[in-house]
>>> print(open('work.txt').read())   # compact mmCIF, C-alpha atoms and all ligand atoms
# COMPACT_ATOMS: atom_id res chain seq x y z
CA MET A 1 71.62 -57.99 113.75
CA ILE A 2 71.03 -61.42 112.26
CA GLU A 3 70.53 -64.49 114.47
CA LEU A 4 70.45 -68.10 113.32
CA ASP A 5 69.23 -70.89 115.58
CA ALA A 6 69.96 -74.41 114.34
CA LEU A 7 68.97 -73.32 110.84
CA THR A 8 68.64 -76.37 108.58
CA LYS A 9 67.65 -76.95 104.96
CA ARG A 10 67.31 -80.30 103.23
CA TYR A 11 66.63 -80.80 99.53
CA GLY A 12 65.54 -84.43 99.30
CA GLY A 13 68.55 -86.38 100.55
CA THR A 14 70.94 -83.38 100.43
CA VAL A 15 71.52 -81.40 103.62
CA ALA A 16 72.36 -77.97 102.18
CA VAL A 17 72.43 -76.18 105.56
CA ASP A 18 73.05 -78.25 108.64
CA GLY A 19 72.12 -76.75 112.00
CA LEU A 20 73.75 -73.32 111.69
CA THR A 21 73.73 -71.25 114.87
CA PHE A 22 75.45 -67.87 114.88
CA THR A 23 74.94 -64.13 115.36
CA VAL A 24 75.99 -61.50 112.84
CA LYS A 25 76.71 -58.31 114.77
CA PRO A 26 76.34 -54.71 113.67
CA GLY A 27 79.23 -52.32 113.06
CA ARG A 28 81.57 -54.71 111.29
CA VAL A 29 81.91 -56.58 108.02
CA THR A 30 81.29 -60.30 108.51
CA GLY A 31 82.57 -62.60 105.78
CA PHE A 32 80.59 -65.76 105.10
CA LEU A 33 83.30 -67.99 103.70
CA GLY A 34 83.14 -71.46 102.23
CA PRO A 35 83.68 -73.39 99.00
CA ASN A 36 81.05 -73.54 96.27
CA GLY A 37 78.13 -75.69 97.41
CA ALA A 38 78.84 -75.10 101.13
CA GLY A 39 75.36 -73.65 101.71
CA LYS A 40 76.03 -69.89 101.73
CA SER A 41 73.33 -68.86 99.23
CA THR A 42 70.75 -71.17 100.76
CA THR A 43 71.43 -69.65 104.19
CA MET A 44 71.13 -66.11 102.86
CA ARG A 45 67.92 -66.96 101.00
CA MET A 46 66.38 -68.29 104.21
CA ILE A 47 67.37 -65.15 106.14
CA VAL A 48 65.39 -63.02 103.69
CA GLY A 49 62.44 -65.40 103.45
CA LEU A 50 63.05 -66.67 99.90
CA ASP A 51 63.47 -70.25 101.12
CA ARG A 52 61.76 -72.02 104.01
CA PRO A 53 63.95 -73.73 106.60
CA THR A 54 63.37 -77.45 107.08
CA SER A 55 63.94 -76.73 110.77
CA GLY A 56 65.46 -74.05 112.97
CA ALA A 57 65.03 -70.32 112.52
CA ALA A 58 66.61 -67.10 111.30
CA THR A 59 65.70 -63.65 112.59
CA VAL A 60 66.57 -60.11 111.53
CA ASN A 61 66.48 -57.50 114.29
CA GLY A 62 64.71 -60.04 116.48
CA ARG A 63 61.97 -61.10 114.07
CA PRO A 64 61.58 -63.67 111.31
CA TYR A 65 61.70 -61.91 107.93
CA ALA A 66 57.99 -62.55 107.33
CA ALA A 67 57.12 -60.73 110.57
CA LEU A 68 59.06 -57.55 109.73
CA ARG A 69 57.02 -54.49 108.99
CA SER A 70 58.64 -52.54 106.10
CA PRO A 71 61.14 -55.36 105.49
CA LEU A 72 63.36 -53.35 103.08
CA ARG A 73 63.95 -50.82 105.83
CA HIS A 74 65.41 -53.59 107.99
CA VAL A 75 67.29 -55.73 105.49
CA GLY A 76 68.52 -55.33 101.93
CA ALA A 77 70.02 -58.21 99.97
CA MET A 78 71.75 -58.82 96.70
CA LEU A 79 71.39 -62.51 96.02
CA ASP A 80 71.49 -62.91 92.26
CA ALA A 81 72.48 -59.94 90.16
CA SER A 82 71.68 -61.83 86.94
CA GLN A 83 67.93 -61.58 87.57
CA LEU A 84 67.58 -58.25 85.76
CA HIS A 85 64.89 -57.76 83.11
CA LYS A 86 66.98 -57.03 79.99
CA GLY A 87 64.57 -54.56 78.40
CA ARG A 88 64.15 -52.32 81.44
CA SER A 89 66.54 -49.63 82.58
CA GLY A 90 68.36 -49.81 85.89
CA TYR A 91 66.29 -46.88 87.04
CA ALA A 92 63.05 -48.68 86.17
CA HIS A 93 64.12 -51.66 88.27
CA LEU A 94 64.69 -49.47 91.31
CA HIS A 95 61.55 -47.46 90.64
CA ALA A 96 59.40 -50.61 90.70
CA LEU A 97 60.97 -51.68 93.98
CA ALA A 98 60.53 -48.21 95.50
CA GLU A 99 56.84 -48.13 94.50
CA THR A 100 56.15 -51.55 96.01
CA HIS A 101 57.82 -50.65 99.28
CA ARG A 102 56.71 -47.00 99.46
CA ILE A 103 60.24 -45.67 99.40
CA PRO A 104 60.52 -42.03 98.26
CA ARG A 105 61.71 -41.53 94.69
CA SER A 106 64.53 -39.23 95.84
CA ARG A 107 66.16 -42.26 97.42
CA ILE A 108 66.62 -43.87 93.95
CA THR A 109 68.87 -41.00 92.87
CA GLU A 110 70.76 -41.26 96.15
CA VAL A 111 71.58 -44.98 95.86
CA LEU A 112 72.41 -44.75 92.14
CA ASP A 113 74.89 -42.02 93.00
CA LEU A 114 76.32 -44.14 95.82
CA VAL A 115 77.07 -47.06 93.45
CA GLY A 116 78.27 -44.84 90.59
CA MET A 117 75.40 -45.78 88.25
CA SER A 118 73.63 -42.42 87.84
CA THR A 119 74.23 -42.21 84.10
CA ALA A 120 74.21 -45.91 83.23
CA ALA A 121 70.87 -46.40 85.01
CA ARG A 122 69.09 -44.68 82.10
CA ARG A 123 70.17 -47.44 79.73
CA ARG A 124 68.57 -50.87 79.41
CA ALA A 125 69.91 -53.52 81.77
CA GLY A 126 70.48 -55.92 78.85
CA GLY A 127 73.60 -53.96 77.95
CA TYR A 128 75.15 -53.98 81.45
CA SER A 129 78.45 -55.66 82.23
CA LEU A 130 78.55 -58.04 85.18
CA GLY A 131 80.09 -55.27 87.27
CA MET A 132 77.28 -52.86 86.42
CA SER A 133 74.66 -55.50 87.24
CA GLN A 134 76.38 -56.06 90.59
CA ARG A 135 76.35 -52.32 91.29
CA LEU A 136 72.67 -52.10 90.45
CA GLY A 137 71.97 -55.10 92.69
CA ILE A 138 73.80 -53.32 95.50
CA ALA A 139 71.79 -50.15 94.84
CA ALA A 140 68.60 -52.22 95.18
CA ALA A 141 69.86 -53.74 98.43
CA LEU A 142 70.53 -50.26 99.87
CA LEU A 143 67.30 -48.68 98.62
CA GLY A 144 65.44 -48.99 101.92
CA ASP A 145 68.45 -47.66 103.90
CA PRO A 146 68.46 -50.98 105.78
CA GLU A 147 70.27 -51.70 109.03
CA VAL A 148 71.21 -55.17 107.71
CA VAL A 149 72.95 -55.60 104.34
CA ILE A 150 73.43 -59.07 102.79
CA LEU A 151 75.49 -59.54 99.63
CA ASP A 152 76.07 -62.91 97.97
CA GLU A 153 79.47 -63.07 96.21
CA PRO A 154 79.52 -59.34 95.29
CA VAL A 155 83.15 -59.53 94.13
CA ASN A 156 82.52 -62.28 91.56
CA GLY A 157 83.53 -61.20 88.08
CA LEU A 158 84.60 -57.68 89.08
CA ASP A 159 87.77 -56.01 87.82
CA PRO A 160 90.37 -54.86 90.41
CA ASP A 161 88.82 -51.37 90.64
CA GLY A 162 85.43 -52.90 91.31
CA VAL A 163 86.89 -55.15 94.01
CA LEU A 164 88.47 -52.16 95.76
CA TRP A 165 85.27 -50.18 95.44
CA ILE A 166 83.19 -52.94 97.09
CA ARG A 167 85.75 -53.25 99.88
CA THR A 168 85.47 -49.53 100.67
CA LEU A 169 81.67 -49.55 100.43
CA LEU A 170 81.36 -52.46 102.85
CA ARG A 171 83.68 -50.75 105.34
CA ASP A 172 81.63 -47.54 105.10
CA LEU A 173 78.36 -49.41 105.68
CA ALA A 174 79.84 -51.13 108.75
CA ASP A 175 81.25 -47.82 110.05
CA GLU A 176 77.73 -46.39 109.86
CA GLY A 177 76.74 -49.12 112.33
CA ARG A 178 75.06 -51.47 109.88
CA THR A 179 75.20 -55.25 110.00
CA VAL A 180 77.06 -56.41 106.89
CA LEU A 181 77.14 -60.06 105.81
CA VAL A 182 79.05 -60.82 102.63
CA SER A 183 79.69 -64.26 101.15
CA SER A 184 82.72 -65.42 99.21
CA HIS A 185 84.63 -68.57 98.35
CA LEU A 186 87.90 -66.59 98.38
CA MET A 187 89.83 -66.62 101.66
CA SER A 188 92.35 -64.10 100.29
CA GLU A 189 89.56 -61.62 99.55
CA MET A 190 87.73 -62.09 102.85
CA ALA A 191 90.97 -61.74 104.84
CA VAL A 192 91.25 -58.13 103.65
CA THR A 193 87.54 -57.24 103.36
CA ALA A 194 86.03 -58.69 106.54
CA GLU A 195 86.81 -58.15 110.21
CA HIS A 196 84.95 -61.25 111.29
CA LEU A 197 84.57 -64.61 109.56
CA LEU A 198 81.95 -67.32 109.61
CA ILE A 199 83.46 -70.29 107.81
CA ILE A 200 81.20 -73.07 106.55
CA GLY A 201 81.70 -76.36 104.80
CA ARG A 202 79.01 -78.86 103.80
CA GLY A 203 76.37 -76.76 105.52
CA ARG A 204 78.15 -76.76 108.89
CA LEU A 205 79.82 -73.98 110.82
CA LEU A 206 83.57 -74.60 110.98
CA ALA A 207 84.69 -71.34 112.58
CA ASP A 208 83.23 -68.12 114.02
CA THR A 209 86.30 -65.95 114.48
CA GLY A 210 87.90 -62.54 114.14
CA VAL A 211 90.19 -62.32 111.11
CA ASP A 212 93.12 -61.21 113.30
CA GLU A 213 92.68 -64.15 115.69
CA LEU A 214 92.56 -66.54 112.75
CA ILE A 215 95.76 -65.14 111.25
CA ASP A 216 97.47 -65.38 114.69
CA ARG A 217 96.54 -69.07 114.86
CA VAL A 218 97.97 -70.12 111.49
P1 LIG B 1 76.95 -71.97 98.06
O1 LIG B 1 76.15 -70.71 98.01
O2 LIG B 1 77.83 -72.04 99.26
O3 LIG B 1 77.70 -72.22 96.79
P2 LIG B 1 74.37 -73.30 97.94
O4 LIG B 1 73.61 -72.79 99.10
O5 LIG B 1 74.08 -72.72 96.61
O6 LIG B 1 75.94 -73.20 98.25
O7 LIG B 1 74.16 -74.88 97.82
C1 LIG B 1 74.30 -75.76 98.96
C2 LIG B 1 73.90 -77.17 98.53
O8 LIG B 1 72.49 -77.22 98.32
C3 LIG B 1 74.55 -77.65 97.25
O9 LIG B 1 74.79 -79.03 97.39
C4 LIG B 1 73.48 -77.40 96.23
O10 LIG B 1 73.60 -78.26 95.15
C5 LIG B 1 72.20 -77.66 97.02
N1 LIG B 1 71.04 -76.87 96.53
C6 LIG B 1 70.93 -75.53 96.54
N2 LIG B 1 69.73 -75.14 96.05
C7 LIG B 1 69.07 -76.27 95.72
C8 LIG B 1 67.78 -76.55 95.15
N3 LIG B 1 66.93 -75.57 94.85
N4 LIG B 1 67.45 -77.84 94.96
C9 LIG B 1 68.30 -78.84 95.29
N5 LIG B 1 69.52 -78.64 95.81
C10 LIG B 1 69.91 -77.39 96.04
P1 LIG B 2 69.27 -41.53 108.75
O1 LIG B 2 69.52 -42.73 109.65
O2 LIG B 2 68.45 -40.47 109.39
O3 LIG B 2 68.80 -41.93 107.39
P2 LIG B 2 71.98 -41.41 107.88
O4 LIG B 2 73.16 -40.63 108.37
O5 LIG B 2 71.99 -42.88 108.02
O6 LIG B 2 70.69 -40.81 108.58
O7 LIG B 2 71.76 -41.09 106.34
C1 LIG B 2 71.62 -39.79 105.83
C2 LIG B 2 71.12 -39.94 104.40
O8 LIG B 2 72.08 -40.64 103.60
C3 LIG B 2 69.84 -40.77 104.36
O9 LIG B 2 69.04 -40.33 103.30
C4 LIG B 2 70.36 -42.15 104.12
O10 LIG B 2 69.35 -42.86 103.48
C5 LIG B 2 71.57 -41.93 103.25
N1 LIG B 2 72.65 -42.88 103.50
C6 LIG B 2 73.55 -42.86 104.48
N2 LIG B 2 74.40 -43.86 104.40
C7 LIG B 2 74.05 -44.57 103.33
C8 LIG B 2 74.54 -45.72 102.73
N3 LIG B 2 75.60 -46.37 103.18
N4 LIG B 2 73.91 -46.21 101.67
C9 LIG B 2 72.88 -45.57 101.21
N5 LIG B 2 72.38 -44.45 101.71
C10 LIG B 2 72.93 -43.95 102.76
>>> encode(input="work.txt", output="structure tokens", more="lines below")
Ligand code: ADP
Ligand code: ADP
Amino acid sequence: MIELDALTKRYGGTVAVDGLTFTVKPGRVTGFLGPNGAGKSTTMRMIVGLDRPTSGAATVNGRPYAALRSPLRHVGAMLDASQLHKGRSGYAHLHALAETHRIPRSRITEVLDLVGMSTAARRRAGGYSLGMSQRLGIAAALLGDPEVVILDEPVNGLDPDGVLWIRTLLRDLADEGRTVLVSSHLMSEMAVTAEHLLIIGRGRLLADTGVDELIDRV
């Protein structure tokens, strides 16, 4: 579970995130929908402690990220798949993460298999397509077998097969009882991927609604 309480972020005169209060519940896919610049990435970064709120708070499973023991076992995030070191293999990326967080090596093989990167992970990340980088980012997010999974625009740049694959993966994660928060600027995509929607614009919450209820209203 993720809980936001009046979460706010200002950059100088810009209010990137403006008093967001909501709960992301386990067992369903929640779409975080809004146009580019709405504040989705900034919100996600604050949830996982990569950015400090100007005011307000975000908690994961009842604690601020910084207070979680074994954070990767609570929450896994893919925030920017382009941050791969070109010269290192996909496997090496996951291995470094596993070492730091004391995650057994057998889990690397498991997540690579889950994202269909078992073979490609031996090659250097510099040669990966965007889709492969996204898959590796998702593998990293799932490495700690976290209850909460956060993915920032995972569908961006994927071919139709990749889009379908992500949709199925997210459903499976939710069916296992995990909390799944996935951002997108595409209403059409979120309408079929998510069961619940948090819609934001200019840093503010515009709607917190089930997809079916929303479709009934329009
Ligand atoms: P989204 O993910 O919805 O596209 P972002 O969270 O990336 O939106 O950005 C929200 C707003 O905050 C935008 O106006 C963006 O320009 C601004 N912003 C994001 N990061 C920074 C930063 N590091 N410094 C200054 N402004 C930023
Ligand atoms: P446990 O909660 O005891 O790990 P699970 O049924 O959740 O039991 O998982 C069984 C095994 O499969 C574990 O090693 C777990 O890490 C892995 N696993 C299950 N679901 C996923 C998933 N969606 N992504 C990655 N690994 C998973």
>>> closest_residue(input="work.txt", among="A:Lys86, A:Val48, A:Ala207, A:Thr54", to="Leu68 (chain A)", atoms="only C-alpha atoms")
A:Val48
>>> residues_near_ligand(input="work.txt", ligand="ligand LIG 1 (chain B)", cutoff="10 Å", atoms="all atoms listed in the file", output="PyMOL selection string")
chain A and resi 9-17+32-46+51+79+152-153+183-185+200-203
>>> atom_distance(input="work.txt", atom1="CA of Thr109 (chain A)", atom2="CA of Ile138 (chain A)")
13.5 Å
>>> residues_near_ligand(input="work.txt", ligand="ligand LIG 2 (chain B)", cutoff="8 Å", atoms="only C-alpha atoms and all ligand atoms", output="PyMOL selection string")
chain A and resi 107+110-111+114+139+142-145+169+172-173+176
>>> closest_residue(input="work.txt", among="A:Leu206, A:Val148, A:Met187, A:Leu136", to="Ala174 (chain A)", atoms="all atoms listed in the file")
A:Val148
>>> atom_distance(input="work.txt", atom1="CA of Pro26 (chain A)", atom2="CA of Val180 (chain A)")
7.0 Å
>>> residues_near_point(input="work.txt", point="(73.8, -51.7, 81.1)", cutoff="12 Å", atoms="all atoms listed in the file", output="list in words")
Ser82, Leu84, His85, Lys86, Gly87, Arg88, Ser89, Gly90, Tyr91, Met117, Ser118, Thr119, Ala120, Ala121, Arg122, Arg123, Arg124, Ala125, Gly126, Gly127, Tyr128, Ser129, Leu130, Gly131, Met132, Ser133, Gln134, Arg135 and Leu136 of chain A
>>> write_last_selection(input="work.txt", atoms="C-alpha atoms", output="compact mmCIF listing (two decimals), in the frame of the given file")
# COMPACT_ATOMS: atom_id res chain seq x y z
CA SER A 82 71.68 -61.83 86.94
CA LEU A 84 67.58 -58.25 85.76
CA HIS A 85 64.89 -57.76 83.11
CA LYS A 86 66.98 -57.03 79.99
CA GLY A 87 64.57 -54.56 78.40
CA ARG A 88 64.15 -52.32 81.44
CA SER A 89 66.54 -49.63 82.58
CA GLY A 90 68.36 -49.81 85.89
CA TYR A 91 66.29 -46.88 87.04
CA MET A 117 75.40 -45.78 88.25
CA SER A 118 73.63 -42.42 87.84
CA THR A 119 74.23 -42.21 84.10
CA ALA A 120 74.21 -45.91 83.23
CA ALA A 121 70.87 -46.40 85.01
CA ARG A 122 69.09 -44.68 82.10
CA ARG A 123 70.17 -47.44 79.73
CA ARG A 124 68.57 -50.87 79.41
CA ALA A 125 69.91 -53.52 81.77
CA GLY A 126 70.48 -55.92 78.85
CA GLY A 127 73.60 -53.96 77.95
CA TYR A 128 75.15 -53.98 81.45
CA SER A 129 78.45 -55.66 82.23
CA LEU A 130 78.55 -58.04 85.18
CA GLY A 131 80.09 -55.27 87.27
CA MET A 132 77.28 -52.86 86.42
CA SER A 133 74.66 -55.50 87.24
CA GLN A 134 76.38 -56.06 90.59
CA ARG A 135 76.35 -52.32 91.29
CA LEU A 136 72.67 -52.10 90.45
>>> atom_distance(input="work.txt", atom1="CA of Asp175 (chain A)", atom2="CA of Leu20 (chain A)")
26.6 Å
>>> residues_around(input="work.txt", residues="Arg28 (chain A)", least_positions_apart="6", cutoff="12 Å", atoms="only C-alpha atoms", output="ChimeraX atom specification")
/A:1,147-149,170-182,193-197,210-211
>>> write_last_selection(input="work.txt", atoms="C-alpha atoms", output="compact mmCIF listing (two decimals), keeping the file's coordinate frame")
# COMPACT_ATOMS: atom_id res chain seq x y z
CA MET A 1 71.62 -57.99 113.75
CA GLU A 147 70.27 -51.70 109.03
CA VAL A 148 71.21 -55.17 107.71
CA VAL A 149 72.95 -55.60 104.34
CA LEU A 170 81.36 -52.46 102.85
CA ARG A 171 83.68 -50.75 105.34
CA ASP A 172 81.63 -47.54 105.10
CA LEU A 173 78.36 -49.41 105.68
CA ALA A 174 79.84 -51.13 108.75
CA ASP A 175 81.25 -47.82 110.05
CA GLU A 176 77.73 -46.39 109.86
CA GLY A 177 76.74 -49.12 112.33
CA ARG A 178 75.06 -51.47 109.88
CA THR A 179 75.20 -55.25 110.00
CA VAL A 180 77.06 -56.41 106.89
CA LEU A 181 77.14 -60.06 105.81
CA VAL A 182 79.05 -60.82 102.63
CA THR A 193 87.54 -57.24 103.36
CA ALA A 194 86.03 -58.69 106.54
CA GLU A 195 86.81 -58.15 110.21
CA HIS A 196 84.95 -61.25 111.29
CA LEU A 197 84.57 -64.61 109.56
CA GLY A 210 87.90 -62.54 114.14
CA VAL A 211 90.19 -62.32 111.11
>>> closest_residue(input="work.txt", among="A:Pro104, A:Gly116, A:Pro154, A:Gly27", to="Asp80 (chain A)", atoms="only C-alpha atoms")
A:Pro154
>>> closest_residue(input="work.txt", among="A:Met78, A:Val115, A:Val155, A:Leu72", to="Arg102 (chain A)", atoms="all atoms listed in the file")
A:Leu72
>>> decode(input="work.txt", residues="region 139-165 of chain A", atoms="N, CA, C and O atoms", output="PDB file, in the first residue's frame")
ATOM      1  N   ALA A 139      12.753  -5.978 -14.493  1.00  0.00           N
ATOM      2  CA  ALA A 139      13.419  -7.057 -13.755  1.00  0.00           C
ATOM      3  C   ALA A 139      14.043  -6.502 -12.477  1.00  0.00           C
ATOM      4  O   ALA A 139      13.937  -7.104 -11.400  1.00  0.00           O
ATOM      5  N   ALA A 140      14.691  -5.340 -12.590  1.00  0.00           N
ATOM      6  CA  ALA A 140      15.322  -4.718 -11.420  1.00  0.00           C
ATOM      7  C   ALA A 140      14.264  -4.353 -10.384  1.00  0.00           C
ATOM      8  O   ALA A 140      14.455  -4.540  -9.179  1.00  0.00           O
ATOM      9  N   ALA A 141      13.126  -3.848 -10.861  1.00  0.00           N
ATOM     10  CA  ALA A 141      12.058  -3.453  -9.937  1.00  0.00           C
ATOM     11  C   ALA A 141      11.505  -4.664  -9.177  1.00  0.00           C
ATOM     12  O   ALA A 141      11.088  -4.547  -8.035  1.00  0.00           O
ATOM     13  N   LEU A 142      11.519  -5.841  -9.828  1.00  0.00           N
ATOM     14  CA  LEU A 142      10.929  -7.030  -9.211  1.00  0.00           C
ATOM     15  C   LEU A 142      11.941  -7.864  -8.426  1.00  0.00           C
ATOM     16  O   LEU A 142      11.579  -8.853  -7.793  1.00  0.00           O
ATOM     17  N   LEU A 143      13.205  -7.451  -8.473  1.00  0.00           N
ATOM     18  CA  LEU A 143      14.284  -8.259  -7.888  1.00  0.00           C
ATOM     19  C   LEU A 143      14.046  -8.608  -6.416  1.00  0.00           C
ATOM     20  O   LEU A 143      14.289  -9.736  -5.994  1.00  0.00           O
ATOM     21  N   GLY A 144      13.581  -7.657  -5.656  1.00  0.00           N
ATOM     22  CA  GLY A 144      13.383  -7.911  -4.216  1.00  0.00           C
ATOM     23  C   GLY A 144      12.049  -8.572  -3.895  1.00  0.00           C
ATOM     24  O   GLY A 144      11.693  -8.683  -2.730  1.00  0.00           O
ATOM     25  N   ASP A 145      11.298  -9.009  -4.938  1.00  0.00           N
ATOM     26  CA  ASP A 145       9.970  -9.590  -4.752  1.00  0.00           C
ATOM     27  C   ASP A 145       9.087  -8.661  -3.912  1.00  0.00           C
ATOM     28  O   ASP A 145       8.510  -9.067  -2.905  1.00  0.00           O
ATOM     29  N   PRO A 146       9.012  -7.377  -4.323  1.00  0.00           N
ATOM     30  CA  PRO A 146       8.370  -6.359  -3.486  1.00  0.00           C
ATOM     31  C   PRO A 146       6.845  -6.456  -3.505  1.00  0.00           C
ATOM     32  O   PRO A 146       6.257  -6.909  -4.486  1.00  0.00           O
ATOM     33  N   GLU A 147       6.253  -5.992  -2.411  1.00  0.00           N
ATOM     34  CA  GLU A 147       4.779  -5.938  -2.352  1.00  0.00           C
ATOM     35  C   GLU A 147       4.273  -4.803  -3.237  1.00  0.00           C
ATOM     36  O   GLU A 147       3.210  -4.891  -3.828  1.00  0.00           O
ATOM     37  N   VAL A 148       5.070  -3.710  -3.307  1.00  0.00           N
ATOM     38  CA  VAL A 148       4.656  -2.524  -4.068  1.00  0.00           C
ATOM     39  C   VAL A 148       5.536  -2.384  -5.311  1.00  0.00           C
ATOM     40  O   VAL A 148       6.769  -2.401  -5.209  1.00  0.00           O
ATOM     41  N   VAL A 149       4.901  -2.257  -6.479  1.00  0.00           N
ATOM     42  CA  VAL A 149       5.632  -2.120  -7.740  1.00  0.00           C
ATOM     43  C   VAL A 149       5.228  -0.802  -8.402  1.00  0.00           C
ATOM     44  O   VAL A 149       4.040  -0.532  -8.588  1.00  0.00           O
ATOM     45  N   ILE A 150       6.241   0.033  -8.734  1.00  0.00           N
ATOM     46  CA  ILE A 150       5.990   1.347  -9.319  1.00  0.00           C
ATOM     47  C   ILE A 150       6.713   1.438 -10.661  1.00  0.00           C
ATOM     48  O   ILE A 150       7.930   1.268 -10.726  1.00  0.00           O
ATOM     49  N   LEU A 151       5.955   1.675 -11.735  1.00  0.00           N
ATOM     50  CA  LEU A 151       6.581   1.753 -13.057  1.00  0.00           C
ATOM     51  C   LEU A 151       6.186   3.068 -13.726  1.00  0.00           C
ATOM     52  O   LEU A 151       4.998   3.379 -13.864  1.00  0.00           O
ATOM     53  N   ASP A 152       7.202   3.822 -14.146  1.00  0.00           N
ATOM     54  CA  ASP A 152       6.960   5.118 -14.778  1.00  0.00           C
ATOM     55  C   ASP A 152       6.966   4.949 -16.296  1.00  0.00           C
ATOM     56  O   ASP A 152       8.002   4.639 -16.881  1.00  0.00           O
ATOM     57  N   GLU A 153       5.828   5.121 -16.923  1.00  0.00           N
ATOM     58  CA  GLU A 153       5.657   5.030 -18.377  1.00  0.00           C
ATOM     59  C   GLU A 153       6.304   3.761 -18.969  1.00  0.00           C
ATOM     60  O   GLU A 153       7.109   3.853 -19.903  1.00  0.00           O
ATOM     61  N   PRO A 154       5.940   2.570 -18.479  1.00  0.00           N
ATOM     62  CA  PRO A 154       6.596   1.354 -18.971  1.00  0.00           C
ATOM     63  C   PRO A 154       6.266   1.031 -20.429  1.00  0.00           C
ATOM     64  O   PRO A 154       6.991   0.286 -21.071  1.00  0.00           O
ATOM     65  N   VAL A 155       5.181   1.592 -20.939  1.00  0.00           N
ATOM     66  CA  VAL A 155       4.715   1.254 -22.281  1.00  0.00           C
ATOM     67  C   VAL A 155       5.385   2.120 -23.349  1.00  0.00           C
ATOM     68  O   VAL A 155       5.401   1.776 -24.529  1.00  0.00           O
ATOM     69  N   ASN A 156       5.992   3.224 -22.908  1.00  0.00           N
ATOM     70  CA  ASN A 156       6.650   4.154 -23.845  1.00  0.00           C
ATOM     71  C   ASN A 156       7.608   3.456 -24.789  1.00  0.00           C
ATOM     72  O   ASN A 156       8.534   2.788 -24.348  1.00  0.00           O
ATOM     73  N   GLY A 157       7.412   3.622 -26.065  1.00  0.00           N
ATOM     74  CA  GLY A 157       8.369   3.118 -27.044  1.00  0.00           C
ATOM     75  C   GLY A 157       8.312   1.622 -27.283  1.00  0.00           C
ATOM     76  O   GLY A 157       9.156   1.092 -27.988  1.00  0.00           O
ATOM     77  N   LEU A 158       7.325   0.925 -26.701  1.00  0.00           N
ATOM     78  CA  LEU A 158       7.246  -0.520 -26.918  1.00  0.00           C
ATOM     79  C   LEU A 158       6.428  -0.835 -28.172  1.00  0.00           C
ATOM     80  O   LEU A 158       5.520  -0.094 -28.533  1.00  0.00           O
ATOM     81  N   ASP A 159       6.753  -1.970 -28.801  1.00  0.00           N
ATOM     82  CA  ASP A 159       5.951  -2.422 -29.933  1.00  0.00           C
ATOM     83  C   ASP A 159       4.677  -3.078 -29.373  1.00  0.00           C
ATOM     84  O   ASP A 159       4.570  -3.298 -28.167  1.00  0.00           O
ATOM     85  N   PRO A 160       3.693  -3.370 -30.242  1.00  0.00           N
ATOM     86  CA  PRO A 160       2.407  -3.908 -29.750  1.00  0.00           C
ATOM     87  C   PRO A 160       2.549  -5.168 -28.895  1.00  0.00           C
ATOM     88  O   PRO A 160       1.831  -5.321 -27.910  1.00  0.00           O
ATOM     89  N   ASP A 161       3.494  -6.049 -29.237  1.00  0.00           N
ATOM     90  CA  ASP A 161       3.706  -7.249 -28.417  1.00  0.00           C
ATOM     91  C   ASP A 161       4.170  -6.878 -27.019  1.00  0.00           C
ATOM     92  O   ASP A 161       3.733  -7.462 -26.028  1.00  0.00           O
ATOM     93  N   GLY A 162       5.074  -5.898 -26.959  1.00  0.00           N
ATOM     94  CA  GLY A 162       5.590  -5.436 -25.678  1.00  0.00           C
ATOM     95  C   GLY A 162       4.485  -4.825 -24.822  1.00  0.00           C
ATOM     96  O   GLY A 162       4.429  -5.038 -23.609  1.00  0.00           O
ATOM     97  N   VAL A 163       3.597  -4.079 -25.469  1.00  0.00           N
ATOM     98  CA  VAL A 163       2.484  -3.450 -24.757  1.00  0.00           C
ATOM     99  C   VAL A 163       1.574  -4.522 -24.147  1.00  0.00           C
ATOM    100  O   VAL A 163       1.185  -4.436 -22.981  1.00  0.00           O
ATOM    101  N   LEU A 164       1.273  -5.545 -24.937  1.00  0.00           N
ATOM    102  CA  LEU A 164       0.429  -6.640 -24.438  1.00  0.00           C
ATOM    103  C   LEU A 164       1.110  -7.389 -23.302  1.00  0.00           C
ATOM    104  O   LEU A 164       0.475  -7.763 -22.320  1.00  0.00           O
ATOM    105  N   TRP A 165       2.415  -7.582 -23.455  1.00  0.00           N
ATOM    106  CA  TRP A 165       3.171  -8.299 -22.441  1.00  0.00           C
ATOM    107  C   TRP A 165       3.122  -7.548 -21.099  1.00  0.00           C
ATOM    108  O   TRP A 165       2.875  -8.144 -20.045  1.00  0.00           O
TER     109      TRP A 165
END
